[in-house]
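Q: Pasting in a structure now, in structure tokens, and then I'll have a few things to ask.
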Amino acid sequence: GDLDILMGDVSCSPLYSIINLRTNNNPLFRGVDSLWPAQAIAAMSFKFPASYNIDIDNNGVDELIVSTNFTAYEDFDEDFQNSVWLYRQSGANWIRQEKNWLQNTQIDVGSNAHPALADIDADGDLDLVIGTKARVFTGQNPRATLTLFRNIGTTQNPIFNFETEDWLSISALNLRFLKPVFADVNGDGAKDLLFSANPSSFNGVWRVFVNQSLTGAYQFTVPSIPFNAPLVTQIPGDGIAPFDYDNDGDLDFLVGRDGGYLNLVLNTGTVNTPNYQIRANDFGRLFRQAYFELNPCVADFNGDGNPDLITGNSSGHLRFYNNVRAWQSGQPALIPDSSLLMDPNSTVAQAVSLGGYLAPASGDLNGDGWPDLVIGLRTGGIKVLYNSSLSITGNTKINKTQKSFQVYPNPGSDLIKLEGIESGNLEILDLQGRLLMREE
């Protein structure tokens, strides 16, 4: 009936148990057992374990949950895909029931999930590919893989079904920090698989699997081939955002660097004879915002016909930059909008931290014509954010014969009253012109 102690330690795998030999009011702790629980598997597959007692099935008896305090690899030997261990008590013994409790019901690739979307099987909907920092392989060095989740749902309702954790056998390349993206790198009209990564030497590399199928399911050349683009030596891989920056018909790149810089890489050659050059080392002057692990994503998120930029980084906040083509070297820094997430309870856009590492990828997941976001997380999972933007279209005109419409106070900071409107569309903007709310 008295309380004992279970504790973990930095860089150590086991839980340590310290038994209370007296009572809660007069405790006496003596001796440390580093092999607890002796009746189960004592050594964890991760370091710095932490234990939590909780009644997960509401039967009046507490279970024990053991996981790690770490959010990233320390020595690349932790199995973060199996890092939530569930123990149940049987008499005086604690027996491990599961090693991936809750993880086995959701997407979890271990660490530093980096997603990409493409219709790999040409069935009309987007499939999901996720790169990772590294995986644990029995008897082998940890290395990165691509995990494929095939969409067995529809264009309006995606259902991502796990297919393989080593798509294209990419683990054979012995890489880490793998960041994939799909783009037509050779100008044949078919999207290829481009990725950045780091071999064991920690020098950054880009490689590409060329898609040989101009129509139908993707068919890649194997093995992948080097992709020659300007690189800098760094530990994590580059975050790649391909798009045609200068509107000349070939592929350019925004490249997020680990130190927080965003490089503009232009193809000054042609589609068939590319010549890639770094034209801006600190595009948008984003380095002055002082965030690391920069991962860019480019798409027309607001429907104005121009490429916009959304970045994820170590701050845990997404940042939106409107029309990145408009920025030129020498101009002031791009001003971000962090109020991207809509609270369904208050219908107010706000800045929300999603974690310490964010890797955004875009694609229309629900068939409404707007690019949505799949966000990779440091802990190996993903978040899906649906784009609720709407085009300002319609041909209804307000004239003097219609009932007057009043908004007061305008501007307002808390309560705003609307009078005189019977039907139509309503938009509320802040003083910077950002959309806070829309009702029809």
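By convention here, the chains of the structure tokens are called A, B, ... in the order presented, each chain's residues are numbered starting at 1, and ligands are numbered starting at 1 in the order presented.
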Compile the contact shell of Asn141 in chain A as a list of chain:residue names: residues with an atom at most 8 Å away, counting only C-alpha atoms, same-chain residues fewer than 3 positions apart removed.

A: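 My reading of the contact set: A:Val136, A:Phe137, A:Asn174.
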
Q: Would you put the residues from that selection into a file with N, CA, C and O atoms, as a short mmCIF file (atom, residue, chain, number, x, y, z; two decimals), in the first residue's frame?

A:
data_model
loop_
_atom_site.label_atom_id
_atom_site.label_comp_id
_atom_site.auth_asym_id
_atom_site.auth_seq_id
_atom_site.Cartn_x
_atom_site.Cartn_y
_atom_site.Cartn_z
N VAL A 136 15.94 1.43 -37.05
CA VAL A 136 16.78 0.40 -36.46
C VAL A 136 16.58 -0.90 -37.23
O VAL A 136 15.45 -1.36 -37.41
N PHE A 137 17.68 -1.47 -37.74
CA PHE A 137 17.66 -2.77 -38.43
C PHE A 137 18.49 -3.76 -37.62
O PHE A 137 19.64 -3.47 -37.27
N ASN A 174 22.17 3.22 -47.41
CA ASN A 174 22.81 3.54 -46.12
C ASN A 174 22.85 5.06 -45.89
O ASN A 174 23.89 5.65 -45.63
#

Q: Pick out the residues sitting within 7 Å of Gly8 in chain A, and hand them over as number ranges by chain; count only C-alpha atoms, and ignore anything fewer than 4 positions along from it in its own chain.

A: A: 14-16, 48-50

Q: For Gly376 in chain A, work out the shell of residues within 9 Å, counting only C-alpha atoms and skipping chain neighbours fewer than 4 positions away, then give it as a PyMOL selection string.

A: chain A and resi 112-115+130+357-361+380-383

Q: So that I can check the surroundings of Gly216 in chain A, please list as a list in words every protein, DNA and RNA residue that reaches within 9 Å of it, counting only C-alpha atoms and ignoring chain neighbours fewer than 2 positions away.

A: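 That gives Ile120, Asp121, Ala122, Asp123, Ser213, Leu214, Tyr218 and Gln219 of chain A.
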
Q: Skipping near chain neighbours, those fewer than 5 positions away, what residues fall within 9 Å of Pro307 in chain A using only C-alpha atoms, listed as a list of chain:residue names?

A: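 Counting only the stated atoms, we get A:Phe243, A:Tyr245, A:Val298, A:Ala299, A:Asp300, A:Phe301, A:Asn322, A:Asn323, A:Val324, A:Arg325.
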
Q: For N, CA and C atoms, I'd like the residues from the last selection saved as a PDB file, in the first residue's frame.

A:
ATOM      1  N   PHE A 243       9.835  24.374 -57.775  1.00  0.00           N
ATOM      2  CA  PHE A 243       8.820  25.111 -58.529  1.00  0.00           C
ATOM      3  C   PHE A 243       9.548  26.006 -59.531  1.00  0.00           C
ATOM      4  N   TYR A 245      10.476  29.230 -60.380  1.00  0.00           N
ATOM      5  CA  TYR A 245      10.529  30.550 -59.764  1.00  0.00           C
ATOM      6  C   TYR A 245      10.475  31.671 -60.808  1.00  0.00           C
ATOM      7  N   VAL A 298       6.113  24.919 -51.348  1.00  0.00           N
ATOM      8  CA  VAL A 298       5.595  25.956 -52.233  1.00  0.00           C
ATOM      9  C   VAL A 298       4.341  25.451 -52.953  1.00  0.00           C
ATOM     10  N   ALA A 299       3.296  26.258 -52.927  1.00  0.00           N
ATOM     11  CA  ALA A 299       2.058  25.989 -53.670  1.00  0.00           C
ATOM     12  C   ALA A 299       1.234  27.278 -53.649  1.00  0.00           C
ATOM     13  N   ASP A 300       0.201  27.333 -54.470  1.00  0.00           N
ATOM     14  CA  ASP A 300      -0.702  28.481 -54.454  1.00  0.00           C
ATOM     15  C   ASP A 300      -1.764  28.215 -53.398  1.00  0.00           C
ATOM     16  N   PHE A 301      -1.448  28.562 -52.147  1.00  0.00           N
ATOM     17  CA  PHE A 301      -2.321  28.209 -51.040  1.00  0.00           C
ATOM     18  C   PHE A 301      -3.552  29.108 -50.940  1.00  0.00           C
ATOM     19  N   ASN A 322       3.278  35.134 -48.653  1.00  0.00           N
ATOM     20  CA  ASN A 322       2.483  35.293 -49.863  1.00  0.00           C
ATOM     21  C   ASN A 322       3.361  35.631 -51.065  1.00  0.00           C
ATOM     22  N   ASN A 323       3.133  34.960 -52.193  1.00  0.00           N
ATOM     23  CA  ASN A 323       3.748  35.263 -53.488  1.00  0.00           C
ATOM     24  C   ASN A 323       5.268  35.448 -53.392  1.00  0.00           C
ATOM     25  N   VAL A 324       5.988  34.334 -53.302  1.00  0.00           N
ATOM     26  CA  VAL A 324       7.441  34.415 -53.133  1.00  0.00           C
ATOM     27  C   VAL A 324       8.143  34.936 -54.380  1.00  0.00           C
ATOM     28  N   ARG A 325       7.473  34.942 -55.529  1.00  0.00           N
ATOM     29  CA  ARG A 325       8.094  35.505 -56.734  1.00  0.00           C
ATOM     30  C   ARG A 325       8.306  37.010 -56.606  1.00  0.00           C
TER      31      ARG A 325
END

Q: Quick one: pick out all helix (DSSP H, G or I) residues within range 144-297 of chain A from a backbone DSSP run and write them as a PyMOL selection string.

A: chain A and resi 167-173+283-289

Q: Hey, can you spit out that residue selection with N, CA and C atoms as an mmCIF file, in the first residue's frame?

A:
data_model
loop_
_atom_site.group_PDB
_atom_site.id
_atom_site.type_symbol
_atom_site.label_atom_id
_atom_site.label_comp_id
_atom_site.auth_asym_id
_atom_site.auth_seq_id
_atom_site.Cartn_x
_atom_site.Cartn_y
_atom_site.Cartn_z
ATOM 1 N N TRP A 167 10.268 1.252 -49.103
ATOM 2 C CA TRP A 167 9.896 1.395 -50.513
ATOM 3 C C TRP A 167 11.138 1.638 -51.362
ATOM 4 N N LEU A 168 11.207 0.975 -52.500
ATOM 5 C CA LEU A 168 12.316 1.036 -53.445
ATOM 6 C C LEU A 168 13.634 0.542 -52.839
ATOM 7 N N SER A 169 13.525 -0.178 -51.711
ATOM 8 C CA SER A 169 14.722 -0.740 -51.031
ATOM 9 C C SER A 169 15.789 0.332 -50.800
ATOM 10 N N ILE A 170 15.333 1.501 -50.411
ATOM 11 C CA ILE A 170 16.251 2.628 -50.301
ATOM 12 C C ILE A 170 17.192 2.495 -49.109
ATOM 13 N N SER A 171 16.880 1.598 -48.180
ATOM 14 C CA SER A 171 17.784 1.391 -47.044
ATOM 15 C C SER A 171 19.155 0.900 -47.498
ATOM 16 N N ALA A 172 19.221 0.273 -48.686
ATOM 17 C CA ALA A 172 20.500 -0.234 -49.192
ATOM 18 C C ALA A 172 21.499 0.882 -49.469
ATOM 19 N N LEU A 173 21.013 2.126 -49.588
ATOM 20 C CA LEU A 173 21.917 3.248 -49.836
ATOM 21 C C LEU A 173 22.618 3.718 -48.568
ATOM 22 N N PHE A 283 17.391 33.767 -49.105
ATOM 23 C CA PHE A 283 16.177 34.200 -49.788
ATOM 24 C C PHE A 283 15.138 34.653 -48.764
ATOM 25 N N GLY A 284 14.562 35.825 -49.017
ATOM 26 C CA GLY A 284 13.555 36.370 -48.110
ATOM 27 C C GLY A 284 14.104 36.864 -46.796
ATOM 28 N N ARG A 285 15.438 36.739 -46.637
ATOM 29 C CA ARG A 285 16.122 37.124 -45.391
ATOM 30 C C ARG A 285 15.495 36.417 -44.184
ATOM 31 N N LEU A 286 15.162 35.141 -44.394
ATOM 32 C CA LEU A 286 14.510 34.379 -43.327
ATOM 33 C C LEU A 286 15.462 34.018 -42.208
ATOM 34 N N PHE A 287 16.779 34.020 -42.500
ATOM 35 C CA PHE A 287 17.729 33.664 -41.453
ATOM 36 C C PHE A 287 17.606 34.615 -40.264
ATOM 37 N N ARG A 288 17.196 35.830 -40.512
ATOM 38 C CA ARG A 288 17.072 36.804 -39.435
ATOM 39 C C ARG A 288 15.933 36.466 -38.490
ATOM 40 N N GLN A 289 15.115 35.513 -38.879
ATOM 41 C CA GLN A 289 14.074 35.053 -37.972
ATOM 42 C C GLN A 289 14.590 33.970 -37.030
#

Q: What's the 12 Å shell around Asp62 in chain A, counting only C-alpha atoms, without same-chain residues fewer than 3 positions away, as a list in words?

A: Tyr52, Asn53, Ile54, Asp55, Ile56, Asp57, Asn58, Asn59, Ile65, Leu86, Tyr87, Arg88, Gln89, Ser90 and Trp94 of chain A

Q: I'd like the contact shell of Lys191 in chain A - 9 Å cut-off, only C-alpha atoms, skipping same-chain residues fewer than 4 positions apart - returned as a list of chain:residue names.

A: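 What passes the distance filter is A:Ala118, A:Phe182, A:Ala183, A:Asp184, A:Val185, A:Asn186, A:Gly187, A:Val210, A:Asn211, A:Leu214, A:Tyr218.
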
Q: Could the residues in this selection be written to a file with all heavy atoms, as a PDB file, in the first residue's frame?

A:
ATOM      1  N   ALA A 118       1.955  11.983 -53.884  1.00  0.00           N
ATOM      2  CA  ALA A 118       1.928  11.773 -55.331  1.00  0.00           C
ATOM      3  C   ALA A 118       0.964  10.623 -55.635  1.00  0.00           C
ATOM      4  O   ALA A 118       0.762   9.734 -54.798  1.00  0.00           O
ATOM      5  CB  ALA A 118       3.311  11.463 -55.881  1.00  0.00           C
ATOM      6  N   PHE A 182       8.340  15.011 -54.867  1.00  0.00           N
ATOM      7  CA  PHE A 182       8.055  14.585 -56.238  1.00  0.00           C
ATOM      8  C   PHE A 182       8.050  15.806 -57.151  1.00  0.00           C
ATOM      9  O   PHE A 182       7.401  16.817 -56.870  1.00  0.00           O
ATOM     10  CB  PHE A 182       6.710  13.864 -56.307  1.00  0.00           C
ATOM     11  CG  PHE A 182       6.707  12.516 -55.652  1.00  0.00           C
ATOM     12  CD1 PHE A 182       6.324  12.366 -54.332  1.00  0.00           C
ATOM     13  CD2 PHE A 182       7.107  11.389 -56.360  1.00  0.00           C
ATOM     14  CE1 PHE A 182       6.334  11.132 -53.714  1.00  0.00           C
ATOM     15  CE2 PHE A 182       7.124  10.138 -55.753  1.00  0.00           C
ATOM     16  CZ  PHE A 182       6.738  10.008 -54.426  1.00  0.00           C
ATOM     17  N   ALA A 183       8.800  15.700 -58.270  1.00  0.00           N
ATOM     18  CA  ALA A 183       8.880  16.798 -59.235  1.00  0.00           C
ATOM     19  C   ALA A 183       9.380  16.247 -60.561  1.00  0.00           C
ATOM     20  O   ALA A 183      10.099  15.238 -60.606  1.00  0.00           O
ATOM     21  CB  ALA A 183       9.827  17.887 -58.728  1.00  0.00           C
ATOM     22  N   ASP A 184       9.023  16.913 -61.645  1.00  0.00           N
ATOM     23  CA  ASP A 184       9.475  16.518 -62.982  1.00  0.00           C
ATOM     24  C   ASP A 184      10.855  17.120 -63.222  1.00  0.00           C
ATOM     25  O   ASP A 184      10.984  18.227 -63.733  1.00  0.00           O
ATOM     26  CB  ASP A 184       8.480  17.001 -64.029  1.00  0.00           C
ATOM     27  CG  ASP A 184       8.886  16.612 -65.443  1.00  0.00           C
ATOM     28  OD1 ASP A 184       9.811  15.783 -65.593  1.00  0.00           O
ATOM     29  OD2 ASP A 184       8.279  17.151 -66.394  1.00  0.00           O
ATOM     30  N   VAL A 185      11.904  16.394 -62.857  1.00  0.00           N
ATOM     31  CA  VAL A 185      13.253  16.949 -62.923  1.00  0.00           C
ATOM     32  C   VAL A 185      13.855  16.881 -64.325  1.00  0.00           C
ATOM     33  O   VAL A 185      14.802  17.614 -64.629  1.00  0.00           O
ATOM     34  CB  VAL A 185      14.189  16.241 -61.913  1.00  0.00           C
ATOM     35  CG1 VAL A 185      13.681  16.423 -60.497  1.00  0.00           C
ATOM     36  CG2 VAL A 185      14.349  14.768 -62.253  1.00  0.00           C
ATOM     37  N   ASN A 186      13.340  16.004 -65.204  1.00  0.00           N
ATOM     38  CA  ASN A 186      13.921  15.884 -66.543  1.00  0.00           C
ATOM     39  C   ASN A 186      13.008  16.409 -67.645  1.00  0.00           C
ATOM     40  O   ASN A 186      13.311  16.258 -68.831  1.00  0.00           O
ATOM     41  CB  ASN A 186      14.296  14.427 -66.836  1.00  0.00           C
ATOM     42  CG  ASN A 186      13.104  13.485 -66.719  1.00  0.00           C
ATOM     43  OD1 ASN A 186      11.988  13.924 -66.445  1.00  0.00           O
ATOM     44  ND2 ASN A 186      13.355  12.202 -66.921  1.00  0.00           N
ATOM     45  N   GLY A 187      11.895  17.034 -67.274  1.00  0.00           N
ATOM     46  CA  GLY A 187      11.060  17.715 -68.244  1.00  0.00           C
ATOM     47  C   GLY A 187      10.294  16.838 -69.194  1.00  0.00           C
ATOM     48  O   GLY A 187       9.874  17.308 -70.258  1.00  0.00           O
ATOM     49  N   VAL A 210      14.253   8.250 -61.436  1.00  0.00           N
ATOM     50  CA  VAL A 210      13.578   8.765 -62.628  1.00  0.00           C
ATOM     51  C   VAL A 210      12.354   7.897 -62.935  1.00  0.00           C
ATOM     52  O   VAL A 210      12.444   6.672 -63.011  1.00  0.00           O
ATOM     53  CB  VAL A 210      14.541   8.789 -63.832  1.00  0.00           C
ATOM     54  CG1 VAL A 210      13.801   9.252 -65.085  1.00  0.00           C
ATOM     55  CG2 VAL A 210      15.719   9.705 -63.532  1.00  0.00           C
ATOM     56  N   ASN A 211      11.232   8.555 -63.117  1.00  0.00           N
ATOM     57  CA  ASN A 211       9.984   7.874 -63.446  1.00  0.00           C
ATOM     58  C   ASN A 211       9.923   7.635 -64.952  1.00  0.00           C
ATOM     59  O   ASN A 211       9.864   8.584 -65.738  1.00  0.00           O
ATOM     60  CB  ASN A 211       8.804   8.718 -62.971  1.00  0.00           C
ATOM     61  CG  ASN A 211       7.466   8.055 -63.233  1.00  0.00           C
ATOM     62  OD1 ASN A 211       7.388   6.900 -63.639  1.00  0.00           O
ATOM     63  ND2 ASN A 211       6.398   8.805 -62.987  1.00  0.00           N
ATOM     64  N   LEU A 214       5.246   7.756 -68.444  1.00  0.00           N
ATOM     65  CA  LEU A 214       4.646   9.054 -68.709  1.00  0.00           C
ATOM     66  C   LEU A 214       3.161   9.060 -68.390  1.00  0.00           C
ATOM     67  O   LEU A 214       2.569  10.117 -68.137  1.00  0.00           O
ATOM     68  CB  LEU A 214       4.865   9.449 -70.173  1.00  0.00           C
ATOM     69  CG  LEU A 214       6.327   9.551 -70.625  1.00  0.00           C
ATOM     70  CD1 LEU A 214       6.396  10.028 -72.068  1.00  0.00           C
ATOM     71  CD2 LEU A 214       7.111  10.475 -69.709  1.00  0.00           C
ATOM     72  N   TYR A 218       3.636   4.806 -61.501  1.00  0.00           N
ATOM     73  CA  TYR A 218       5.045   5.180 -61.552  1.00  0.00           C
ATOM     74  C   TYR A 218       5.926   3.944 -61.745  1.00  0.00           C
ATOM     75  O   TYR A 218       5.708   2.900 -61.127  1.00  0.00           O
ATOM     76  CB  TYR A 218       5.456   5.871 -60.256  1.00  0.00           C
ATOM     77  CG  TYR A 218       4.953   7.291 -60.106  1.00  0.00           C
ATOM     78  CD1 TYR A 218       3.856   7.756 -60.828  1.00  0.00           C
ATOM     79  CD2 TYR A 218       5.560   8.176 -59.232  1.00  0.00           C
ATOM     80  CE1 TYR A 218       3.389   9.048 -60.685  1.00  0.00           C
ATOM     81  CE2 TYR A 218       5.096   9.477 -59.074  1.00  0.00           C
ATOM     82  CZ  TYR A 218       4.010   9.904 -59.803  1.00  0.00           C
ATOM     83  OH  TYR A 218       3.553  11.189 -59.666  1.00  0.00           O
TER      84      TYR A 218
END

Q: Can you check which residues of range 188-398 of chain A DSSP gives as strand (DSSP E) on the backbone and send them as JSON, numbers by chain?

A: {"A": [192, 193, 194, 195, 196, 197, 198, 199, 205, 206, 207, 208, 209, 225, 226, 239, 240, 241, 242, 243, 252, 253, 254, 255, 256, 262, 263, 264, 265, 266, 267, 276, 277, 278, 279, 280, 295, 296, 297, 298, 299, 308, 309, 310, 311, 312, 319, 320, 321, 341, 342, 343, 348, 349, 350, 358, 359, 360, 361, 362, 363, 372, 373, 374, 375, 376, 377, 382, 383, 384, 385]}

Q: Would you mind telling me which residue in A:Gln350, A:Gln97, A:Ser83, A:Asn272 lies nearest to Leu318 in chain A when using only C-alpha atoms?

A: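 Nearest to Leu318 in chain A: A:Gln350.
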
Q: Taking into account only C-alpha atoms, which residue in the set A:Asn157, A:Gln106, A:Asn295, A:Thr270 is nearest to Pro180 in chain A?

A: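 Checking each candidate against Pro180 in chain A, we get A:Asn295 as the closest.
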
Q: Identify which of the residues A:Asn267, A:Asn24, A:Asn151, A:Ser13 lies closest to Lys47 in chain A, counting only C-alpha atoms when measuring atom-to-atom distances.

A: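 Between A:Asn267, A:Asn24, A:Asn151, A:Ser13, the residue approaching Lys47 in chain A most closely is A:Ser13.
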
Q: In Å, how far is it from CA of Tyr321 in chain A to CA of Asp308 in chain A?

A: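 A separation of 5.9 Å between them.
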
Q: Counting only C-alpha atoms, figure out which residue out of A:Ile95, A:Leu340, A:Leu266, A:Val352 gets nearest to Leu373 in chain A.

A: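 Checking each candidate against Leu373 in chain A, we get A:Leu340 as the closest.
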